[in-house]
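What follows is one structure encoded as structure tokens, with my remarks underneath.
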Amino acid sequence: MGRTDRTPRKLNELASRAGKWVGLPDAGPERHTTAVVADRFDRITWRDTYEQSAGLRDLAEELNKRYEYATDLLTDAFLAAYKVRPRLREHEEMDLSRLVNHQVITSVVESPEFAGLHRETAGDPYAAAMAVLAQAAALRRMLERSRDALRQAEQAKKAQQDAEGAASAVSEALQRAAAEGGTVPAPAADTVQRAIEAEAAAWQAAQDAAQALAAAAPGVRAAARNAAAKAAEAAREEAALMRAWGVAPGQLERMPFDQRAMLAERLRSDRLARWAELIGRFRQMADGERARKVENATGELVGVTLGNDLSRVIPSELAGLGLPELRAVFAVRYAAGELMLYDSQGEQATGQGAVIACVDTSHSMYEAGPGGVTREAWAKACALALLDQARHAGRDFVGILFSAADKIQVFRFPADQPAEIAQVLDFAETFLGGGTSYQTPLSAAGELLEEEFNDAARTRGDIVMITDDDCGVTEEWMRGWNDAKHRLGFRVFGVAVGAPRVAEADSVLQALCDNLRSIEDLTDVHAAADLFRVI
């Protein structure tokens, strides 16, 4: 290289060439390692969620063994799902080593299925984390399909660093040349040559990376669509499970991450997941019956009876008030409850005391009916709808699970306390097994209503007996039961599940109940609709 080639002017020109290569100037805007634009609060939310989620940490550890920047990819996937309006950086803003991340996240966000996913996850850190975990398999496939692009991007990143190092060396040579009076020694000229070569290598590496990314794009887009669709379906299923079991969105938002994750896992267990649809239909039916219910409505006229309800007095009795000499007779008969009244048959007024559901959990309740619905599932779905009914009316609810005489478990849900979902699930999951005894659960129910009467002077409780078996009771117990029923004014509703013989006219259950029905089609929740109009 001649002397004129070693002037500062020439070195400046060569340094400029060494520092500028395709899309990556040596001095320019900051290159980003995450594709989704996020503020400080978004990043704090991600860090807190990552620390709380063992699943996210395990996934990051697994992917980081094969891909150095997996944690940044998971960060982007979370933020895209969490932020209400996620915005992606431009391709040119990304650090070369994260171009694959950018392509993966862009493919996910731009897929038609992402909108459905985002409706379930926006603003909810837990749901966004679950969406990331639901996409884990697809993320693995996308990274596998992008293996060549990852390697090329790494080479481009290294070439960029080499070119920047060479440009820095040229800059130092310029400074020395200026200090030495404008001439440049031969070693500095060699530095310029290396910078030019580094520029060429970086340019080629960038081209190779771009081609690798383009080759991987179709497979990544297809995998991204599948990932978003799968994650959206998982989010919808979990939301539906929560709704079916009565977990309100506000309750979920206040729930710690670990508790919510354990709850979701518990609800996805085989039995509870299978019951969710039935429970949801029961609750929907009960909501509709509550809307139709009219307090103290008259029923169908069936005759004439005696009493002192002036709203039902027949016209001939009222005519007596028009004669002064008969007014005293009217007053006497009113006081004695002997006025002639229209008799009606219809729905009774609702109670005021506790609602108690006695649910048979003997072995026979495992039996399935049409549609694969078990007697146990129907009974407990009905009981949980009765829990909702009691809470809407401001009444206590008690669930009594029973089987043999020595097997009973009581779950109390006071009206003035929230119904904890963990206790609700314990009630649903508990199964005692064994035979069937009526006396044990009904005696416990009577004692609870007696206690309520003594503590709060409340009467007119409601007991719902749900069973599939008939059994005897002693005469002495029956006398005590009838005395308690008369004293406390409670009603007993019977439901024979999948066993019509239990509801026959001469059955023990018929003798115990004021209102009895038989349920044969366990897929039909409306067969019990009248319960929710009168309780």
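Chain identifiers are assigned as A, B, and so on, following the order in which chains appear in the structure tokens; residues are numbered from 1 within each chain, and ligands are numbered from 1 in order of appearance.
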Set the distance at 9 Å and use only C-alpha atoms: which residues neighbour Leu56 in chain A once local chain neighbours fewer than 3 positions away are removed? I'd like the list as a CSV table (one decimal) with N, CA and C atoms, in the first residue's frame.
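Now in out-v6.csv:
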```
chain,number,residue,atom,x,y,z
A,49,THR,N,-44.2,-12.9,37.8
A,49,THR,CA,-44.9,-14.1,37.3
A,49,THR,C,-43.9,-15.3,37.1
A,50,TYR,N,-42.7,-14.9,36.5
A,50,TYR,CA,-41.7,-16.0,36.3
A,50,TYR,C,-41.2,-16.6,37.6
A,51,GLU,N,-41.1,-15.7,38.6
A,51,GLU,CA,-40.6,-16.2,39.9
A,51,GLU,C,-41.7,-17.1,40.6
A,52,GLN,N,-42.9,-16.8,40.3
A,52,GLN,CA,-44.0,-17.6,41.0
A,52,GLN,C,-44.3,-18.9,40.2
A,53,SER,N,-44.0,-19.0,38.9
A,53,SER,CA,-44.4,-20.1,38.1
A,53,SER,C,-43.3,-21.1,37.9
A,59,LEU,N,-39.6,-24.7,31.9
A,59,LEU,CA,-39.5,-24.6,30.4
A,59,LEU,C,-38.3,-23.8,30.0
A,60,ALA,N,-38.0,-22.7,30.7
A,60,ALA,CA,-36.9,-21.8,30.3
A,60,ALA,C,-35.6,-22.6,30.4
A,61,GLU,N,-35.5,-23.4,31.5
A,61,GLU,CA,-34.3,-24.2,31.8
A,61,GLU,C,-34.1,-25.3,30.6
A,74,LEU,N,-39.5,-16.5,25.8
A,74,LEU,CA,-40.6,-16.7,26.7
A,74,LEU,C,-41.1,-15.3,27.2
A,129,ALA,N,-49.4,-16.5,31.5
A,129,ALA,CA,-48.3,-17.5,31.8
A,129,ALA,C,-48.8,-18.9,31.3
A,130,MET,N,-50.1,-19.2,31.6
A,130,MET,CA,-50.7,-20.5,31.1
A,130,MET,C,-50.7,-20.6,29.6
A,132,VAL,N,-48.4,-19.2,27.6
A,132,VAL,CA,-47.0,-19.6,27.2
A,132,VAL,C,-46.8,-21.0,27.4
A,133,LEU,N,-47.2,-21.6,28.5
A,133,LEU,CA,-47.0,-23.0,28.8
A,133,LEU,C,-47.8,-23.9,27.8
```
Problem - Residues flagged helix (DSSP H, G or I) by DSSP in range 254-416 of chain A, as a PyMOL selection string - result: chain A and resi 254+257-267+270-292+310-312+315-322+324-336+363-366+370-372+375-392
Save the residues we just selected, C-alpha atoms, as an mmCIF file, in the first residue's frame?
```cif
data_model
loop_
_atom_site.group_PDB
_atom_site.id
_atom_site.type_symbol
_atom_site.label_atom_id
_atom_site.label_comp_id
_atom_site.auth_asym_id
_atom_site.auth_seq_id
_atom_site.Cartn_x
_atom_site.Cartn_y
_atom_site.Cartn_z
ATOM 1 C CA ARG A 254 -57.289 -11.676 43.937
ATOM 2 C CA PHE A 257 -50.615 -17.361 41.458
ATOM 3 C CA ASP A 258 -49.737 -20.688 43.091
ATOM 4 C CA GLN A 259 -53.214 -21.077 44.587
ATOM 5 C CA ARG A 260 -54.850 -20.356 41.253
ATOM 6 C CA ALA A 261 -52.562 -22.827 39.466
ATOM 7 C CA MET A 262 -53.362 -25.560 42.007
ATOM 8 C CA LEU A 263 -57.080 -24.800 41.713
ATOM 9 C CA ALA A 264 -56.955 -25.085 37.919
ATOM 10 C CA GLU A 265 -55.051 -28.369 38.154
ATOM 11 C CA ARG A 266 -57.594 -29.703 40.638
ATOM 12 C CA LEU A 267 -60.529 -28.709 38.438
ATOM 13 C CA ASP A 270 -61.008 -36.427 35.688
ATOM 14 C CA ARG A 271 -64.123 -36.372 37.901
ATOM 15 C CA LEU A 272 -64.403 -32.621 38.426
ATOM 16 C CA ALA A 273 -63.730 -31.813 34.765
ATOM 17 C CA ARG A 274 -66.447 -34.272 33.661
ATOM 18 C CA TRP A 275 -68.942 -32.703 36.073
ATOM 19 C CA ALA A 276 -68.281 -29.109 35.028
ATOM 20 C CA GLU A 277 -70.701 -29.098 32.083
ATOM 21 C CA LEU A 278 -73.510 -30.635 34.178
ATOM 22 C CA ILE A 279 -72.909 -28.192 37.034
ATOM 23 C CA GLY A 280 -72.944 -25.284 34.598
ATOM 24 C CA ARG A 281 -76.313 -26.400 33.178
ATOM 25 C CA PHE A 282 -77.753 -26.816 36.684
ATOM 26 C CA ARG A 283 -76.675 -23.314 37.647
ATOM 27 C CA GLN A 284 -78.069 -21.858 34.436
ATOM 28 C CA MET A 285 -81.399 -23.609 35.017
ATOM 29 C CA ALA A 286 -81.546 -22.425 38.635
ATOM 30 C CA ASP A 287 -80.842 -18.831 37.556
ATOM 31 C CA GLY A 288 -83.778 -19.023 35.168
ATOM 32 C CA GLU A 289 -86.116 -20.446 37.811
ATOM 33 C CA ARG A 290 -85.139 -17.719 40.275
ATOM 34 C CA ALA A 291 -86.060 -15.121 37.667
ATOM 35 C CA ARG A 292 -89.490 -16.724 37.216
ATOM 36 C CA LEU A 310 -108.958 -12.681 54.606
ATOM 37 C CA SER A 311 -107.470 -12.552 51.099
ATOM 38 C CA ARG A 312 -109.081 -15.936 50.325
ATOM 39 C CA PRO A 315 -118.017 -14.015 48.876
ATOM 40 C CA SER A 316 -120.813 -15.515 50.995
ATOM 41 C CA GLU A 317 -118.699 -15.072 54.124
ATOM 42 C CA LEU A 318 -117.988 -11.441 53.256
ATOM 43 C CA ALA A 319 -121.727 -10.839 52.692
ATOM 44 C CA GLY A 320 -122.278 -11.564 56.382
ATOM 45 C CA LEU A 321 -120.379 -8.408 57.245
ATOM 46 C CA GLY A 322 -123.208 -6.416 55.650
ATOM 47 C CA PRO A 324 -124.889 -5.982 61.849
ATOM 48 C CA GLU A 325 -126.247 -9.011 63.697
ATOM 49 C CA LEU A 326 -123.754 -11.332 61.869
ATOM 50 C CA ARG A 327 -120.619 -9.251 62.374
ATOM 51 C CA ALA A 328 -119.971 -10.685 65.828
ATOM 52 C CA VAL A 329 -120.313 -14.222 64.425
ATOM 53 C CA PHE A 330 -117.802 -13.331 61.683
ATOM 54 C CA ALA A 331 -115.348 -12.052 64.301
ATOM 55 C CA VAL A 332 -115.654 -15.217 66.375
ATOM 56 C CA ARG A 333 -115.135 -17.479 63.368
ATOM 57 C CA TYR A 334 -112.164 -15.353 62.228
ATOM 58 C CA ALA A 335 -110.546 -15.678 65.655
ATOM 59 C CA ALA A 336 -111.099 -19.433 65.615
ATOM 60 C CA HIS A 363 -71.654 -47.345 46.467
ATOM 61 C CA SER A 364 -74.727 -47.504 44.224
ATOM 62 C CA MET A 365 -74.475 -43.748 43.541
ATOM 63 C CA TYR A 366 -71.494 -44.516 41.284
ATOM 64 C CA PRO A 370 -77.987 -42.155 30.067
ATOM 65 C CA GLY A 371 -75.198 -40.024 28.676
ATOM 66 C CA GLY A 372 -72.692 -41.457 31.158
ATOM 67 C CA ARG A 375 -76.077 -40.564 40.110
ATOM 68 C CA GLU A 376 -73.396 -38.982 42.302
ATOM 69 C CA ALA A 377 -72.633 -36.320 39.652
ATOM 70 C CA TRP A 378 -76.327 -35.396 39.281
ATOM 71 C CA ALA A 379 -76.863 -35.261 43.050
ATOM 72 C CA LYS A 380 -73.858 -33.074 43.759
ATOM 73 C CA ALA A 381 -74.559 -30.762 40.818
ATOM 74 C CA CYS A 382 -78.071 -30.276 42.193
ATOM 75 C CA ALA A 383 -76.675 -29.649 45.682
ATOM 76 C CA LEU A 384 -74.239 -27.017 44.400
ATOM 77 C CA ALA A 385 -77.088 -25.268 42.580
ATOM 78 C CA LEU A 386 -78.961 -25.293 45.901
ATOM 79 C CA LEU A 387 -75.900 -23.669 47.493
ATOM 80 C CA ASP A 388 -76.237 -20.845 44.956
ATOM 81 C CA GLN A 389 -79.967 -20.684 45.688
ATOM 82 C CA ALA A 390 -79.351 -20.280 49.413
ATOM 83 C CA ARG A 391 -76.736 -17.573 48.896
ATOM 84 C CA HIS A 392 -79.048 -15.567 46.615
#
```
Problem - All residues 9 Å or closer to Leu448 in chain A, only C-alpha atoms, same chain fewer than 6 positions away omitted, as a VMD selection string - result: chain A and resid 354 356 398
Export all heavy atoms of the chosen residues as a PDB file, in the first residue's frame?
```
ATOM      1  N   ALA A 354     -82.240 -22.411  57.168  1.00  0.00           N
ATOM      2  CA  ALA A 354     -81.155 -22.950  56.341  1.00  0.00           C
ATOM      3  C   ALA A 354     -81.687 -23.892  55.263  1.00  0.00           C
ATOM      4  O   ALA A 354     -82.737 -24.513  55.412  1.00  0.00           O
ATOM      5  CB  ALA A 354     -80.158 -23.683  57.225  1.00  0.00           C
ATOM      6  N   ILE A 356     -80.663 -27.310  53.545  1.00  0.00           N
ATOM      7  CA  ILE A 356     -79.791 -28.444  53.842  1.00  0.00           C
ATOM      8  C   ILE A 356     -79.971 -29.505  52.760  1.00  0.00           C
ATOM      9  O   ILE A 356     -81.079 -29.991  52.536  1.00  0.00           O
ATOM     10  CB  ILE A 356     -80.102 -29.045  55.228  1.00  0.00           C
ATOM     11  CG1 ILE A 356     -79.945 -27.975  56.315  1.00  0.00           C
ATOM     12  CG2 ILE A 356     -79.193 -30.240  55.510  1.00  0.00           C
ATOM     13  CD1 ILE A 356     -80.285 -28.452  57.708  1.00  0.00           C
ATOM     14  N   VAL A 398     -76.112 -25.994  54.140  1.00  0.00           N
ATOM     15  CA  VAL A 398     -75.364 -27.101  54.727  1.00  0.00           C
ATOM     16  C   VAL A 398     -75.443 -28.286  53.774  1.00  0.00           C
ATOM     17  O   VAL A 398     -76.534 -28.661  53.330  1.00  0.00           O
ATOM     18  CB  VAL A 398     -75.919 -27.512  56.108  1.00  0.00           C
ATOM     19  CG1 VAL A 398     -75.087 -28.649  56.695  1.00  0.00           C
ATOM     20  CG2 VAL A 398     -75.944 -26.327  57.064  1.00  0.00           C
TER      21      VAL A 398
END
```
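Between CA of Gly369 in chain A and CA of Thr467 in chain A lies a distance of 14.4 Å.
Contact shell of Asp416 in chain A at 10 Å (only C-alpha atoms; same-chain neighbours under 5 positions omitted): Arg391, Gly394, Arg395 and Asp396 of chain A.
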Write out as JSON lines the residues of range 420-531 of chain A that have any atom within 12 Å of an atom of range 239-247 of chain A, one row each with the nearest atom pair and its distance in Å to one decimal, counting only C-alpha atoms, sorted by chain and then rising number.
```
{"residue": "A:Glu420", "atom": "CA", "partner": "A:Val247", "partner_atom": "CA", "distance": 9.3}
{"residue": "A:Ile421", "atom": "CA", "partner": "A:Val247", "partner_atom": "CA", "distance": 7.1}
{"residue": "A:Ala422", "atom": "CA", "partner": "A:Val247", "partner_atom": "CA", "distance": 10.6}
{"residue": "A:Gln423", "atom": "CA", "partner": "A:Trp245", "partner_atom": "CA", "distance": 11.7}
{"residue": "A:Val424", "atom": "CA", "partner": "A:Trp245", "partner_atom": "CA", "distance": 8.5}
{"residue": "A:Leu425", "atom": "CA", "partner": "A:Trp245", "partner_atom": "CA", "distance": 8.5}
{"residue": "A:Ala428", "atom": "CA", "partner": "A:Trp245", "partner_atom": "CA", "distance": 10.2}
```
